[in-house]
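Trainee: Let me give you the structure first, and then I'll get to my questions.
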Amino acid sequence: MSMRIVPPATYSSTLQPTNTSAPSAPGVHDTLRHGVGPSALSSSSTCPSGQETPASRHPLESRLKAWESTQEALRMESLRRTFGIAEPIRRGMELKIARDGEWKPLALGGGAGVKSVHEDILRGREAMLDWEDVFTGEEQRAAVSVHEEMERKLKI
């Protein structure tokens, strides 16, 4: 296992041509069929190490995409070297339990496909604030209290 701090440079200097144009107007990007455009963080190509590479030619983007996984691998490797193999396995099991829990209150950041407070604590990200933490897509919904949610869940 390596103690790599920065992800390796796995960018490609060439782009694979994809046809995202409309059938009736060749050369014009079809937004309804293919989205806004190639995202810097989403692509279909994979590098030899199994990670996806961004659809851009800039070398920094591939490193930024792999930053989180590299930091997690470094954290788990240092835990393994310090406390033995049981500690990373225990943390992985706790993270899986927190992710796959059958019910998470909306008041604690739960919901369908949303990272919870519990997952953030287990990953050591409770002190970090990301864009997705503020704008969850639930801004138009009325705030539901824990009590209302329990009553709805238990059909009281």
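Here's how to read the names in the structure tokens: chain A, B, ... by the order shown, residue numbers from 1 in each chain, ligand numbers from 1 in the order shown.
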If we count only C-alpha atoms and set the cut-off at 12 Å, which residues sit around Arg125 in chain A, ignoring sequence neighbours fewer than 5 positions away in its own chain? Please answer as a PDB file with C-alpha atoms, in the first residue's frame.

Mentor:
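Output contents, as saved in selection22.pdb:
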```
ATOM      1  CA  GLU A  68     -11.068  12.501  -2.143  1.00  0.00           C
ATOM      2  CA  GLN A  71      -7.111  11.076   0.917  1.00  0.00           C
ATOM      3  CA  GLU A  72      -9.437   8.315   2.148  1.00  0.00           C
ATOM      4  CA  LYS A 115     -25.174  12.053   2.856  1.00  0.00           C
ATOM      5  CA  SER A 116     -26.142  12.142   6.504  1.00  0.00           C
ATOM      6  CA  VAL A 117     -24.552  13.774   9.511  1.00  0.00           C
ATOM      7  CA  HIS A 118     -23.576  10.303  10.718  1.00  0.00           C
ATOM      8  CA  GLU A 119     -21.652   9.587   7.521  1.00  0.00           C
ATOM      9  CA  ASP A 120     -19.907  12.950   7.703  1.00  0.00           C
ATOM     10  CA  ASP A 130     -19.656  21.803   0.862  1.00  0.00           C
ATOM     11  CA  ASP A 133     -24.583  20.639   2.293  1.00  0.00           C
TER      12      ASP A 133
END
```

Trainee: Would you mind reading off the distance between CA of Pro8 in chain A and CA of Gly124 in chain A, one decimal, in Å?

Mentor: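 Atom-to-atom, CA of Pro8 in chain A to CA of Gly124 in chain A, that is 23.2 Å.
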
Trainee: So, counting only C-alpha atoms, which residue among A:Thr20, A:His29, A:Glu61, A:Trp67 is closest to Pro7 in chain A?

Mentor: A:Trp67

Trainee: What is the distance, in Å and to one decimal place, between CA of Ser78 in chain A and CA of Ala9 in chain A?

Mentor: 22.3 Å

Trainee: Please determine, counting only C-alpha atoms, which residue among A:Leu32, A:Met76, A:Ile121, A:Ala127 has the shortest atom-to-atom distance to Met3 in chain A.

Mentor: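 Distance minimum relative to Met3 in chain A lands on A:Met76.
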
Trainee: Using Å and a single decimal, report how far CA of Arg91 in chain A sits from CA of Leu74 in chain A.

Mentor: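 Separating CA of Leu74 in chain A from CA of Arg91 in chain A is a distance of 13.9 Å.
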